[in-house]
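Below is one structure, written out as structure tokens; comments come after it.
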Amino acid sequence: MNGEIAFWILSAIAVLGALVAVRKRNLVHGVFALLVFFAGLSGLFLLLLAEFIAAVQVLVYIGAVGILLLFAIMLTERVAGDDGRRMTSRGWFWGLLAATAIFLVLLLPPIQQWPAPEAAQTVEPSVEQLGHKLMNPYVITLEVLALLLTAALIGAVTAAQAVRLDKEDEPPV
Amino acid sequence: MSLELLTDILIATVPLALIFSTLFAFTTWLERKTLARIQNRIGPNKVGIPCTRISLFGLGQPAADGIKMIFKEDIVPKGADRLFHLLAPILALIPAMLVLCFLPLKFPWTESLLPVQAFLLDSAVIFFFAITGINTIAVFMAGWASRNKYSLLGGMRAIAQMVSYEIPLVLSAVIVVMRVGSLNAAEIAGAQAGGNWFIFSPWGLTAFVIFFIAALAETNRSPFDLPEAESELVAGYFTEYSGFKFALFFLAEYISIFAISGLAVTLFLGAGNGPGLPNLPWLSIVCFLVKVFVLIAIMIWLRGTLPRLRVDQLMGFAWKFLLPLSIVNILVAGFAWHAQQQENTIITVITWLVAIIVLYSTAKGLNQLSRAKLKMREYKYAE
């Protein structure tokens, strides 16, 4: 009962956020609407007893991806975003087709096991088990991923570093 | 069922909001008074009980300030984004209040409310860090919605600073999580029972110092208060805020200071552990709050003592000093944990000595390496 009410509220928040994020022409408003969507999604994960994924959703998507998007917008020319230009709407048919196809594919599993199973009270993969699995059988994978990400980070810093100026060209401090 | 759950949640959360708001009022008074003494002034000393001449060292000042803030005109700049200008202070307050639930404060009246206690979640510490991160968004929102260059600059500075200092903050907390083997705040508190606090070891002390410095930066406290540097940016991201919206920002700032100090107490200073606890359950809360206030007193003291950092110093300190030091600290703590599994006194003593030497020399070396190499400034036009 409680869960059902919470589900509908969170779904409404998520869907509204996603809609506003797509429809808003002001980029910053769009990003904030996207963050609302992420927050609603994180609440839905919490409702599914996947608390770790919910926490990571907040940490990564709201905390990191949102900030990244905002930084990207601040680096573009028109901060307010609303400059009257419209996206051309050619190809809306294919977009609609792709969206419908993805929706149907996502809908497949619940249709296959139609009489919905009882809601679980606890879910086996708890945070503790997740930690043990990450540290024991999958530690090599984790380390390789960490190495890859570090390499990407260093690469990004190198790529972003400004070209060094010669001594004569140096602007007056 | 539904109503009971709701009342349980309210019983668990409303006292938190009330207690910490009251403490906020007291802390503003304490801060003003302490700063005044440091600067050889008297500070607020007039306002006491209304309609009498009793002044009580100016303890009525926060209430007077609050009344003033509520009745002040709320000014929104002409070019501002009205909706976001309104939402930003609210969004700043919500995560600050929310993370209070993840502190292991065991109130006597919450004994029967175990299912709704957030700090018993298996990932309480991760939730704490995740939700604290939302604060950054509120700061940016305030800076952007004000349509003011100082606000925007302050907001951008705040984001850069918070994103950079979050890394050493989390990495220093990793040590505690490693040793306890749990992200559950209550278990972390329980692991430090009997004076077995994590600060009493070389790696724990290093982690605590890193955590405390990063917490100062994360909450925009002096000497890391660049986002609201009044000599450069008027007031940073809340330049265009007045009245109650400004009061909300102020409240959010102090509540997040309480929250992050509370996390520091939970992780390193033994949470509610103290002498004489088994007989008096109330004492655990008092212990916790006393420790939080010790940390806040240190923060106020630092604010009165240290000058503000430059932007390049700020970033260099986070990336070239705190980050490598916390990574080395994690390695040291890992080795020390394995060494202590031997249950051998000599090995433990050697571990401690080696850890102290390694951490000290790392800090020294990093300090030498990360020192900003500034050239002598040449004045072209002002000779």
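Chain labels A, B, ... are given in the sequence in which chains occur in the structure tokens; within each chain residues are numbered consecutively from 1, and ligands are likewise numbered from 1 in the order shown.
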
| message | Distance cut-off 7 Å, counting only C-alpha atoms - which residues of chain A neighbour chain B? Return them as a list in words. | response | Asn2, Phe52, Ala55, Val58, Leu59, Ile62, Gly63 and Val127 of chain A

| said: For Ser222 (chain B), find every residue with an atom within 9 Å (counting only C-alpha atoms), except residues of its own chain fewer than 2 positions away, and show them as a count of residues only. | reply: 15

| request: For Ala355 (chain B), please output as number ranges by chain all residues within 8 Å (counting only C-alpha atoms; exclusion window: fewer than 4 positions along the same chain). | output: B: 202-203, 332, 336, 351, 359

Let's have the selection written as a tab-separated table (two decimals), in the first residue's frame, with C-alpha atoms.
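This is the output file selection_13.tsv:
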chain	number	residue	atom	x	y	z
B	202	PRO	CA	48.81	7.32	12.81
B	203	TRP	CA	46.66	6.54	9.76
B	332	VAL	CA	49.46	2.39	4.94
B	336	ALA	CA	48.75	-1.97	9.05
B	351	THR	CA	53.89	-1.05	12.16
B	359	LEU	CA	53.14	9.36	6.52

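Interatomic distance, CA of Val139 (chain A) against CA of Gln57 (chain A): 22.2 Å.
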
| said: as a PyMOL selection string, please: every residue in region 91-302 of chain B that a backbone DSSP assignment puts in alpha helix (DSSP H). | reply: chain B and resi 91-98+124-132+134-145+149-180+185-191+202-218+230-233+243-268+282-302

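One finds CA of Phe249 (chain B) at 12.8 Å from CA of Gly66 (chain B).
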
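CA of Trp282 (chain B) to CA of Ala193 (chain B) spans 16.1 Å [interatomic distance, one decimal].
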
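With only C-alpha atoms as the atoms that count, the minimum distance from Leu35 (chain A) to the choices A:Leu48, A:Ile102, A:Ala12, A:Val60 is reached by A:Val60.
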
| message | Could you check the closest approach to Pro223 (chain B) for each of B:Gln313, B:Ile188, B:Gly143, B:Val180 and tell me which residue wins, using only C-alpha atoms? | response | B:Gln313

| task | Go through B:Ile75, B:Ile347, B:Ala247, B:Ile330 and flag the residue nearest Ala173 (chain B), using only C-alpha atoms for the distances. | result | B:Ile330

Got a sec: who's within 8 Å of Val20 (chain A), counting only C-alpha atoms, leaving out chain neighbours fewer than 5 positions off, as a short mmCIF file (atom, residue, chain, number, x, y, z; two decimals) with N, CA and C atoms, in the first residue's frame?
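For reference, around22.cif as written:
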data_model
loop_
_atom_site.label_atom_id
_atom_site.label_comp_id
_atom_site.auth_asym_id
_atom_site.auth_seq_id
_atom_site.Cartn_x
_atom_site.Cartn_y
_atom_site.Cartn_z
N GLY A 30 16.53 22.77 -18.58
CA GLY A 30 16.50 21.38 -19.02
C GLY A 30 17.36 20.50 -18.14
N ALA A 33 15.74 19.95 -14.82
CA ALA A 33 14.64 18.99 -14.94
C ALA A 33 15.18 17.57 -15.04
N LEU A 34 16.30 17.42 -15.76
CA LEU A 34 16.93 16.10 -15.87
C LEU A 34 17.35 15.61 -14.49
#
